[in-house]
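Pasting final30.cif here (mmCIF, N, CA and C atoms):
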data_entry
loop_
_atom_site.label_atom_id
_atom_site.label_comp_id
_atom_site.auth_asym_id
_atom_site.auth_seq_id
_atom_site.Cartn_x
_atom_site.Cartn_y
_atom_site.Cartn_z
N PRO A 1259 0.83 -1.20 0.00
CA PRO A 1259 0.00 0.00 0.00
C PRO A 1259 0.87 1.26 0.00
N THR A 1260 0.30 2.31 -0.53
CA THR A 1260 0.99 3.58 -0.57
C THR A 1260 1.15 4.13 0.84
N VAL A 1261 2.29 4.72 1.12
CA VAL A 1261 2.55 5.32 2.42
C VAL A 1261 2.42 6.83 2.28
N PHE A 1262 1.62 7.43 3.15
CA PHE A 1262 1.43 8.88 3.14
C PHE A 1262 2.07 9.48 4.38
N PHE A 1263 2.67 10.65 4.21
CA PHE A 1263 3.31 11.37 5.31
C PHE A 1263 2.67 12.73 5.45
N CYS A 1264 2.51 13.18 6.69
CA CYS A 1264 1.90 14.47 6.96
C CYS A 1264 2.89 15.59 6.67
N ASN A 1265 2.41 16.65 6.02
CA ASN A 1265 3.22 17.82 5.73
C ASN A 1265 2.90 18.97 6.68
N GLY A 1266 2.18 18.68 7.76
CA GLY A 1266 1.80 19.72 8.71
C GLY A 1266 2.95 20.16 9.58
N LEU A 1267 2.74 21.27 10.28
CA LEU A 1267 3.79 21.82 11.14
C LEU A 1267 3.90 21.04 12.46
N ASN A 1268 2.80 20.46 12.92
CA ASN A 1268 2.83 19.74 14.20
C ASN A 1268 3.51 18.38 14.10
N CYS A 1269 3.38 17.74 12.98
CA CYS A 1269 3.97 16.39 12.86
C CYS A 1269 4.57 16.22 11.46
N PRO A 1270 5.56 17.05 11.11
CA PRO A 1270 6.14 16.94 9.77
C PRO A 1270 6.78 15.59 9.53
N SER A 1271 6.51 15.04 8.37
CA SER A 1271 7.07 13.75 7.93
C SER A 1271 6.65 12.58 8.79
N THR A 1272 5.59 12.73 9.57
CA THR A 1272 5.05 11.61 10.34
C THR A 1272 4.12 10.81 9.44
N ARG A 1273 4.21 9.50 9.52
CA ARG A 1273 3.41 8.63 8.68
C ARG A 1273 1.94 8.72 9.07
N ILE A 1274 1.07 8.84 8.08
CA ILE A 1274 -0.38 8.86 8.35
C ILE A 1274 -0.82 7.41 8.53
N ARG A 1275 -1.43 7.14 9.68
CA ARG A 1275 -1.75 5.77 10.06
C ARG A 1275 -2.84 5.16 9.19
N ARG A 1276 -2.79 3.83 9.08
CA ARG A 1276 -3.79 3.10 8.30
C ARG A 1276 -5.18 3.34 8.88
N ASN A 1277 -6.16 3.38 8.00
CA ASN A 1277 -7.58 3.54 8.34
C ASN A 1277 -7.90 4.86 9.01
N HIS A 1278 -7.04 5.86 8.86
CA HIS A 1278 -7.31 7.20 9.37
C HIS A 1278 -7.56 8.13 8.18
N ASN A 1279 -8.39 9.15 8.42
CA ASN A 1279 -8.66 10.14 7.39
C ASN A 1279 -7.50 11.10 7.27
N PHE A 1280 -7.30 11.63 6.07
CA PHE A 1280 -6.29 12.65 5.83
C PHE A 1280 -6.73 13.48 4.64
N TYR A 1281 -6.02 14.55 4.37
CA TYR A 1281 -6.35 15.45 3.28
C TYR A 1281 -5.15 15.54 2.35
N ILE A 1282 -5.42 15.57 1.04
CA ILE A 1282 -4.35 15.51 0.05
C ILE A 1282 -4.60 16.50 -1.07
N THR A 1283 -3.51 17.02 -1.64
CA THR A 1283 -3.63 17.94 -2.77
C THR A 1283 -4.03 17.17 -4.02
N GLY A 1284 -4.52 17.89 -5.02
CA GLY A 1284 -4.97 17.28 -6.27
C GLY A 1284 -3.87 16.53 -7.00
N ASP A 1285 -2.62 17.00 -6.88
CA ASP A 1285 -1.51 16.32 -7.56
C ASP A 1285 -0.93 15.19 -6.71
N LYS A 1286 -1.51 14.96 -5.55
CA LYS A 1286 -1.12 13.88 -4.63
C LYS A 1286 0.33 14.01 -4.13
N GLN A 1287 0.84 15.23 -4.08
CA GLN A 1287 2.20 15.47 -3.62
C GLN A 1287 2.26 15.82 -2.13
N TYR A 1288 1.21 16.44 -1.61
CA TYR A 1288 1.21 16.90 -0.22
C TYR A 1288 -0.03 16.36 0.49
N SER A 1289 0.16 15.98 1.76
CA SER A 1289 -0.97 15.46 2.54
C SER A 1289 -0.85 15.93 3.98
N TRP A 1290 -2.00 15.98 4.67
CA TRP A 1290 -2.06 16.43 6.06
C TRP A 1290 -2.97 15.50 6.84
N CYS A 1291 -2.58 15.21 8.06
CA CYS A 1291 -3.43 14.41 8.95
C CYS A 1291 -4.59 15.29 9.41
N ASN A 1292 -5.58 14.70 10.07
CA ASN A 1292 -6.75 15.45 10.53
C ASN A 1292 -6.37 16.61 11.43
N GLN A 1293 -5.47 16.37 12.39
CA GLN A 1293 -5.10 17.39 13.35
C GLN A 1293 -4.45 18.59 12.65
N CYS A 1294 -3.50 18.32 11.78
CA CYS A 1294 -2.81 19.41 11.08
C CYS A 1294 -3.75 20.13 10.11
N TYR A 1295 -4.69 19.41 9.53
CA TYR A 1295 -5.64 20.01 8.60
C TYR A 1295 -6.49 21.06 9.30
N THR A 1296 -6.93 20.77 10.52
CA THR A 1296 -7.79 21.72 11.25
C THR A 1296 -7.03 23.01 11.58
N GLU A 1297 -5.70 22.93 11.64
CA GLU A 1297 -4.90 24.11 12.00
C GLU A 1297 -4.40 24.87 10.77
N LEU A 1298 -4.73 24.41 9.57
CA LEU A 1298 -4.31 25.11 8.35
C LEU A 1298 -5.14 26.36 8.15
N GLY A 1299 -4.52 27.37 7.55
CA GLY A 1299 -5.26 28.57 7.18
C GLY A 1299 -6.05 28.32 5.90
N ASP A 1300 -6.73 29.34 5.40
CA ASP A 1300 -7.53 29.19 4.19
C ASP A 1300 -6.67 28.94 2.95
N THR A 1301 -5.45 29.50 2.96
CA THR A 1301 -4.51 29.31 1.85
C THR A 1301 -3.22 28.71 2.40
N ILE A 1302 -2.74 27.67 1.74
CA ILE A 1302 -1.55 26.96 2.20
C ILE A 1302 -0.40 27.30 1.26
N ASP A 1303 0.69 27.82 1.83
CA ASP A 1303 1.87 28.18 1.04
C ASP A 1303 2.81 26.97 1.02
N LEU A 1304 3.02 26.41 -0.16
CA LEU A 1304 3.87 25.24 -0.31
C LEU A 1304 5.24 25.60 -0.90
N GLY A 1305 5.58 26.86 -0.87
CA GLY A 1305 6.87 27.30 -1.40
C GLY A 1305 6.80 27.63 -2.87
N THR A 1306 6.59 26.62 -3.70
CA THR A 1306 6.53 26.86 -5.15
C THR A 1306 5.12 27.19 -5.62
N MET A 1307 4.12 26.93 -4.78
CA MET A 1307 2.74 27.22 -5.16
C MET A 1307 1.89 27.40 -3.90
N GLN A 1308 0.70 27.92 -4.10
CA GLN A 1308 -0.25 28.07 -3.01
C GLN A 1308 -1.49 27.27 -3.33
N VAL A 1309 -2.06 26.65 -2.29
CA VAL A 1309 -3.25 25.82 -2.47
C VAL A 1309 -4.30 26.28 -1.49
N LYS A 1310 -5.53 26.35 -1.95
CA LYS A 1310 -6.63 26.69 -1.05
C LYS A 1310 -7.02 25.44 -0.26
N LYS A 1311 -7.32 25.66 1.01
CA LYS A 1311 -7.68 24.55 1.90
C LYS A 1311 -8.89 23.80 1.35
N GLU A 1312 -9.82 24.51 0.78
CA GLU A 1312 -11.04 23.88 0.26
C GLU A 1312 -10.76 22.98 -0.96
N ALA A 1313 -9.58 23.14 -1.58
CA ALA A 1313 -9.22 22.32 -2.75
C ALA A 1313 -8.65 20.96 -2.35
N LEU A 1314 -8.35 20.79 -1.06
CA LEU A 1314 -7.82 19.50 -0.60
C LEU A 1314 -8.92 18.45 -0.59
N THR A 1315 -8.56 17.23 -0.89
CA THR A 1315 -9.52 16.13 -0.94
C THR A 1315 -9.37 15.27 0.32
N LYS A 1316 -10.51 14.96 0.95
CA LYS A 1316 -10.49 14.10 2.13
C LYS A 1316 -10.47 12.65 1.67
N ARG A 1317 -9.54 11.88 2.23
CA ARG A 1317 -9.43 10.46 1.89
C ARG A 1317 -9.20 9.65 3.15
N LYS A 1318 -9.41 8.36 3.03
CA LYS A 1318 -9.13 7.45 4.13
C LYS A 1318 -7.95 6.57 3.71
N ASN A 1319 -7.00 6.39 4.59
CA ASN A 1319 -5.80 5.63 4.28
C ASN A 1319 -6.09 4.13 4.44
N ASP A 1320 -6.87 3.59 3.52
CA ASP A 1320 -7.24 2.18 3.61
C ASP A 1320 -7.07 1.45 2.27
N GLU A 1321 -6.30 2.06 1.38
CA GLU A 1321 -6.09 1.43 0.08
C GLU A 1321 -5.25 0.17 0.21
N THR A 1322 -5.64 -0.84 -0.52
CA THR A 1322 -4.82 -2.04 -0.63
C THR A 1322 -4.65 -2.32 -2.12
N HIS A 1323 -3.44 -2.64 -2.50
CA HIS A 1323 -3.17 -2.93 -3.90
C HIS A 1323 -3.01 -4.43 -4.08
N GLU A 1324 -3.69 -4.93 -5.06
CA GLU A 1324 -3.61 -6.36 -5.33
C GLU A 1324 -2.26 -6.69 -5.97
N GLU A 1325 -1.66 -7.76 -5.51
CA GLU A 1325 -0.39 -8.20 -6.07
C GLU A 1325 -0.61 -8.74 -7.48
N SER A 1326 0.32 -8.46 -8.36
CA SER A 1326 0.25 -9.00 -9.71
C SER A 1326 0.81 -10.42 -9.72
N TRP A 1327 0.21 -11.29 -10.51
CA TRP A 1327 0.60 -12.69 -10.59
C TRP A 1327 1.05 -13.03 -12.00
N VAL A 1328 1.83 -14.08 -12.13
CA VAL A 1328 2.25 -14.59 -13.44
C VAL A 1328 2.18 -16.11 -13.38
N GLN A 1329 1.79 -16.73 -14.51
CA GLN A 1329 1.68 -18.19 -14.57
C GLN A 1329 2.91 -18.77 -15.25
N CYS A 1330 3.47 -19.80 -14.63
CA CYS A 1330 4.63 -20.48 -15.19
C CYS A 1330 4.17 -21.28 -16.41
N ASP A 1331 4.89 -21.14 -17.51
CA ASP A 1331 4.55 -21.86 -18.74
C ASP A 1331 4.92 -23.33 -18.67
N ASP A 1332 5.77 -23.72 -17.71
CA ASP A 1332 6.18 -25.12 -17.58
C ASP A 1332 5.26 -25.92 -16.67
N CYS A 1333 5.05 -25.43 -15.45
CA CYS A 1333 4.28 -26.20 -14.46
C CYS A 1333 2.87 -25.68 -14.25
N GLN A 1334 2.54 -24.55 -14.86
CA GLN A 1334 1.22 -23.92 -14.79
C GLN A 1334 0.88 -23.35 -13.41
N ARG A 1335 1.86 -23.30 -12.49
CA ARG A 1335 1.62 -22.70 -11.17
C ARG A 1335 1.57 -21.18 -11.31
N TRP A 1336 0.83 -20.56 -10.39
CA TRP A 1336 0.77 -19.10 -10.34
C TRP A 1336 1.68 -18.62 -9.22
N ILE A 1337 2.37 -17.50 -9.46
CA ILE A 1337 3.32 -16.97 -8.49
C ILE A 1337 3.29 -15.45 -8.56
N HIS A 1338 3.51 -14.79 -7.40
CA HIS A 1338 3.60 -13.33 -7.41
C HIS A 1338 4.71 -12.92 -8.38
N GLN A 1339 4.47 -11.87 -9.13
CA GLN A 1339 5.48 -11.41 -10.08
C GLN A 1339 6.79 -11.06 -9.37
N VAL A 1340 6.69 -10.43 -8.22
CA VAL A 1340 7.90 -10.06 -7.48
C VAL A 1340 8.63 -11.30 -6.98
N CYS A 1341 7.90 -12.25 -6.43
CA CYS A 1341 8.52 -13.47 -5.91
C CYS A 1341 9.15 -14.29 -7.04
N GLY A 1342 8.54 -14.27 -8.22
CA GLY A 1342 9.03 -15.05 -9.35
C GLY A 1342 10.03 -14.31 -10.21
N LEU A 1343 10.45 -13.12 -9.76
CA LEU A 1343 11.44 -12.33 -10.51
C LEU A 1343 10.98 -12.04 -11.94
N TYR A 1344 9.70 -11.81 -12.10
CA TYR A 1344 9.13 -11.53 -13.42
C TYR A 1344 9.11 -10.02 -13.63
N ASN A 1345 9.63 -9.57 -14.76
CA ASN A 1345 9.73 -8.16 -15.06
C ASN A 1345 8.76 -7.81 -16.18
N THR A 1346 7.69 -7.12 -15.86
CA THR A 1346 6.68 -6.76 -16.86
C THR A 1346 7.24 -5.82 -17.91
N ARG A 1347 8.23 -5.02 -17.56
CA ARG A 1347 8.83 -4.10 -18.53
C ARG A 1347 9.59 -4.84 -19.62
N GLN A 1348 10.13 -6.00 -19.28
CA GLN A 1348 10.87 -6.79 -20.26
C GLN A 1348 9.92 -7.53 -21.21
N ASP A 1349 8.69 -7.76 -20.76
CA ASP A 1349 7.73 -8.54 -21.53
C ASP A 1349 6.45 -7.75 -21.76
N LYS A 1350 6.58 -6.57 -22.35
CA LYS A 1350 5.43 -5.68 -22.53
C LYS A 1350 4.34 -6.29 -23.40
N GLU A 1351 4.73 -7.08 -24.39
CA GLU A 1351 3.74 -7.66 -25.31
C GLU A 1351 3.22 -9.01 -24.82
N ASN A 1352 3.72 -9.47 -23.68
CA ASN A 1352 3.28 -10.72 -23.06
C ASN A 1352 3.46 -11.91 -24.00
N LYS A 1353 4.59 -11.95 -24.72
CA LYS A 1353 4.86 -13.03 -25.66
C LYS A 1353 6.00 -13.94 -25.20
N SER A 1354 6.75 -13.52 -24.19
CA SER A 1354 7.89 -14.31 -23.73
C SER A 1354 7.42 -15.48 -22.87
N ALA A 1355 8.11 -16.61 -23.03
CA ALA A 1355 7.82 -17.75 -22.16
C ALA A 1355 8.39 -17.46 -20.78
N TYR A 1356 7.66 -17.86 -19.75
CA TYR A 1356 8.10 -17.62 -18.38
C TYR A 1356 8.23 -18.95 -17.64
N SER A 1357 9.35 -19.13 -16.97
CA SER A 1357 9.56 -20.28 -16.11
C SER A 1357 9.79 -19.79 -14.69
N CYS A 1358 9.07 -20.36 -13.75
CA CYS A 1358 9.22 -19.96 -12.35
C CYS A 1358 10.58 -20.42 -11.83
N PRO A 1359 11.05 -19.85 -10.73
CA PRO A 1359 12.35 -20.24 -10.18
C PRO A 1359 12.48 -21.73 -9.90
N LEU A 1360 11.41 -22.39 -9.45
CA LEU A 1360 11.49 -23.83 -9.18
C LEU A 1360 11.72 -24.63 -10.47
N CYS A 1361 11.05 -24.25 -11.54
CA CYS A 1361 11.24 -24.95 -12.82
C CYS A 1361 12.63 -24.69 -13.39
N VAL A 1362 13.14 -23.48 -13.21
CA VAL A 1362 14.48 -23.18 -13.69
C VAL A 1362 15.50 -24.06 -12.96
N LEU A 1363 15.35 -24.20 -11.65
CA LEU A 1363 16.26 -25.06 -10.88
C LEU A 1363 16.13 -26.52 -11.31
N ASP A 1364 14.89 -26.99 -11.48
CA ASP A 1364 14.68 -28.38 -11.93
C ASP A 1364 15.35 -28.62 -13.28
N ARG A 1365 15.17 -27.69 -14.21
CA ARG A 1365 15.76 -27.83 -15.54
C ARG A 1365 17.28 -27.87 -15.46
N ARG A 1366 17.87 -27.03 -14.65
CA ARG A 1366 19.33 -27.01 -14.50
C ARG A 1366 19.84 -28.32 -13.90
N GLU A 1367 19.12 -28.87 -12.94
CA GLU A 1367 19.55 -30.14 -12.33
C GLU A 1367 19.46 -31.28 -13.33
N LYS A 1368 18.38 -31.30 -14.13
CA LYS A 1368 18.21 -32.37 -15.12
C LYS A 1368 19.27 -32.29 -16.21
N GLN A 1369 19.70 -31.08 -16.55
CA GLN A 1369 20.71 -30.90 -17.58
C GLN A 1369 22.12 -31.15 -17.04
N GLY A 1370 22.22 -31.38 -15.73
CA GLY A 1370 23.52 -31.61 -15.13
C GLY A 1370 24.36 -30.36 -15.03
N ASP A 1371 23.75 -29.22 -15.17
CA ASP A 1371 24.46 -27.95 -15.11
C ASP A 1371 23.74 -27.03 -14.12
N PRO A 1372 23.84 -27.33 -12.83
CA PRO A 1372 23.10 -26.52 -11.87
C PRO A 1372 23.62 -25.10 -11.73
N LYS A 1373 24.81 -24.84 -12.28
CA LYS A 1373 25.40 -23.51 -12.19
C LYS A 1373 25.27 -22.96 -10.77
N ILE A 1374 25.85 -23.67 -9.85
CA ILE A 1374 25.81 -23.25 -8.46
C ILE A 1374 26.57 -21.94 -8.35
N LEU A 1375 25.92 -20.98 -7.79
CA LEU A 1375 26.53 -19.66 -7.66
C LEU A 1375 27.50 -19.65 -6.48
N PRO A 1376 28.53 -18.86 -6.57
CA PRO A 1376 29.45 -18.76 -5.44
C PRO A 1376 28.74 -18.10 -4.26
N PRO A 1377 29.20 -18.39 -3.05
CA PRO A 1377 28.53 -17.76 -1.90
C PRO A 1377 28.69 -16.25 -1.97
N PRO A 1378 27.70 -15.52 -1.48
CA PRO A 1378 27.81 -14.05 -1.53
C PRO A 1378 28.95 -13.58 -0.64
N PRO A 1379 29.55 -12.47 -0.98
CA PRO A 1379 30.65 -11.97 -0.15
C PRO A 1379 30.15 -11.61 1.24
N CYS A 1380 31.00 -11.80 2.22
CA CYS A 1380 30.65 -11.41 3.58
C CYS A 1380 31.61 -10.32 4.04
N ALA A 1381 31.46 -9.87 5.26
CA ALA A 1381 32.24 -8.75 5.76
C ALA A 1381 33.74 -9.03 5.70
N GLU A 1382 34.13 -10.28 5.92
CA GLU A 1382 35.55 -10.63 5.90
C GLU A 1382 36.17 -10.43 4.52
N ASP A 1383 35.36 -10.47 3.47
CA ASP A 1383 35.86 -10.33 2.11
C ASP A 1383 36.08 -8.87 1.70
N LEU A 1384 35.55 -7.94 2.48
CA LEU A 1384 35.68 -6.53 2.14
C LEU A 1384 37.09 -6.03 2.43
N PRO A 1385 37.56 -5.07 1.64
CA PRO A 1385 38.90 -4.54 1.92
C PRO A 1385 38.90 -3.79 3.26
N ARG A 1386 40.00 -3.88 3.97
CA ARG A 1386 40.13 -3.22 5.26
C ARG A 1386 40.70 -1.82 5.06
N THR A 1387 40.15 -0.88 5.78
CA THR A 1387 40.63 0.50 5.75
C THR A 1387 40.77 0.98 7.19
N LYS A 1388 41.35 2.14 7.37
CA LYS A 1388 41.47 2.70 8.71
C LYS A 1388 40.08 2.93 9.31
N LEU A 1389 39.15 3.40 8.48
CA LEU A 1389 37.80 3.65 8.96
C LEU A 1389 37.12 2.35 9.37
N SER A 1390 37.25 1.31 8.56
CA SER A 1390 36.60 0.04 8.89
C SER A 1390 37.17 -0.55 10.18
N GLU A 1391 38.48 -0.43 10.36
CA GLU A 1391 39.10 -0.94 11.59
C GLU A 1391 38.64 -0.14 12.80
N TRP A 1392 38.53 1.18 12.65
CA TRP A 1392 38.04 2.01 13.75
C TRP A 1392 36.60 1.65 14.10
N LEU A 1393 35.74 1.50 13.09
CA LEU A 1393 34.35 1.14 13.33
C LEU A 1393 34.24 -0.21 14.02
N GLU A 1394 34.99 -1.18 13.54
CA GLU A 1394 34.94 -2.52 14.13
C GLU A 1394 35.40 -2.48 15.58
N LYS A 1395 36.46 -1.74 15.85
CA LYS A 1395 36.98 -1.62 17.22
C LYS A 1395 35.93 -0.96 18.10
N ASP A 1396 35.29 0.11 17.61
CA ASP A 1396 34.30 0.83 18.37
C ASP A 1396 33.09 -0.05 18.68
N VAL A 1397 32.67 -0.87 17.72
CA VAL A 1397 31.53 -1.76 17.92
C VAL A 1397 31.86 -2.82 18.98
N HIS A 1398 33.06 -3.36 18.92
CA HIS A 1398 33.44 -4.41 19.87
C HIS A 1398 33.58 -3.87 21.28
N GLU A 1399 33.94 -2.60 21.42
CA GLU A 1399 34.08 -2.01 22.76
C GLU A 1399 32.74 -1.78 23.41
N LYS A 1400 31.68 -1.65 22.64
CA LYS A 1400 30.35 -1.38 23.20
C LYS A 1400 29.68 -2.66 23.46
#
As structure tokens, how would this structure be written, given the file I've shared?
Amino acid sequence: PTVFFCNGLNCPSTRIRRNHNFYITGDKQYSWCNQCYTELGDTIDLGTMQVKKEALTKRKNDETHEESWVQCDDCQRWIHQVCGLYNTRQDKENKSAYSCPLCVLDRREKQGDPKILPPPPCAEDLPRTKLSEWLEKDVHEK
């Protein structure tokens, strides 16, 4: 879900809580919680522009966005696009064959070429500097 932050003077950059009402500009760039909205004047100066208080739209922070799904062309299972590493920008015309991560692994094992990736680098693999040594020493002392 979209996260909204209050632009009011009482609670600047405070997150507007779920299921609470708030007020937002028409371009959806600025928002105010109920408390800050009641303390606004008739005209709000946003630096680059001015907005009339009456032009703000009252909304409730209860939006939920449905996750997009993609079907594997091999096993016919459905998987979240994010979980399956599916990029809609790469397949705008929806013509590319898609294999889920499980099918890709199965195919690699059957072909005898699992292409095992090297382990990811850890802190010990990073180059040492004076700053890194100082930070490490400071962390260990605490």
Produce a table with one row for each residue of stretch 1279-1330 of chain A that has an atom at most 8 Å from any atom of stretch 1352-1372 of chain A, each row naming the nearest atom pair and its distance in Å at one decimal; use all atoms listed in the file; arrange rows by chain and rising residue number; format as a Markdown table.
| residue | atom | partner | partner_atom | distance |
| --- | --- | --- | --- | --- |
| A:Val1328 | C | A:Tyr1356 | CA | 7.9 |
| A:Gln1329 | C | A:Tyr1356 | C | 5.8 |
| A:Cys1330 | CA | A:Tyr1356 | C | 4.6 |
For the interface of stretch 1293-1357 of chain A with stretch 1284-1288 of chain A (cut-off 6 Å, counting all atoms listed in the file), please tabulate each contacting residue of stretch 1293-1357 of chain A alongside its nearest pair of atoms and their separation in Å to one decimal, rows sorted by chain and increasing number, as a tab-separated table.
residue	atom	partner	partner_atom	distance
A:Ala1313	C	A:Gly1284	N	5.8
A:Leu1314	CA	A:Gly1284	N	5.7
A:Thr1315	N	A:Gly1284	N	5.8
Taking only stretch 1299-1373 of chain A into account, list the residues labelled helix (DSSP H, G or I) by DSSP (computed from the backbone), as a list in words.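 Result set for stretch 1299-1373 of chain A (helix (DSSP H, G or I)): Lys1311, Glu1312, Ala1313, Pro1359, Leu1360, Cys1361, Val1362, Leu1363, Asp1364, Arg1365, Arg1366, Glu1367 and Lys1368 of chain A.
Selection result for the displayed file, with the PyMOL selection byres ((chain A and resi 1319) around 5) as criterion, is Arg1276, Asn1277, His1278, Asn1279, Arg1317, Lys1318, Asp1320 and Glu1321 of chain A.
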Output of the above residues as a short mmCIF file (atom, residue, chain, number, x, y, z; two decimals), in the frame of the given file, restricted to N, CA and C atoms:
data_model
loop_
_atom_site.label_atom_id
_atom_site.label_comp_id
_atom_site.auth_asym_id
_atom_site.auth_seq_id
_atom_site.Cartn_x
_atom_site.Cartn_y
_atom_site.Cartn_z
N ARG A 1276 -2.79 3.83 9.08
CA ARG A 1276 -3.79 3.10 8.30
C ARG A 1276 -5.18 3.34 8.88
N ASN A 1277 -6.16 3.38 8.00
CA ASN A 1277 -7.58 3.54 8.34
C ASN A 1277 -7.90 4.86 9.01
N HIS A 1278 -7.04 5.86 8.86
CA HIS A 1278 -7.31 7.20 9.37
C HIS A 1278 -7.56 8.13 8.18
N ASN A 1279 -8.39 9.15 8.42
CA ASN A 1279 -8.66 10.14 7.39
C ASN A 1279 -7.50 11.10 7.27
N ARG A 1317 -9.54 11.88 2.23
CA ARG A 1317 -9.43 10.46 1.89
C ARG A 1317 -9.20 9.65 3.15
N LYS A 1318 -9.41 8.36 3.03
CA LYS A 1318 -9.13 7.45 4.13
C LYS A 1318 -7.95 6.57 3.71
N ASP A 1320 -6.87 3.59 3.52
CA ASP A 1320 -7.24 2.18 3.61
C ASP A 1320 -7.07 1.45 2.27
N GLU A 1321 -6.30 2.06 1.38
CA GLU A 1321 -6.09 1.43 0.08
C GLU A 1321 -5.25 0.17 0.21
#
Decode the PyMOL selection byres ((chain A and resi 1339-1342) around 5) for the given file into explicit residues and return them as a list in words.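 When the PyMOL selection byres ((chain A and resi 1339-1342) around 5) is applied to the shown file, the picked residues are Ser1326, Trp1327, Val1328, Ile1337, His1338, Leu1343 and Tyr1344 of chain A.
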Taking only C-alpha atoms into account, which of A:Asp1331, A:Arg1275, A:Cys1269, A:Thr1387 comes nearest A:Tyr1295? A:Cys1269
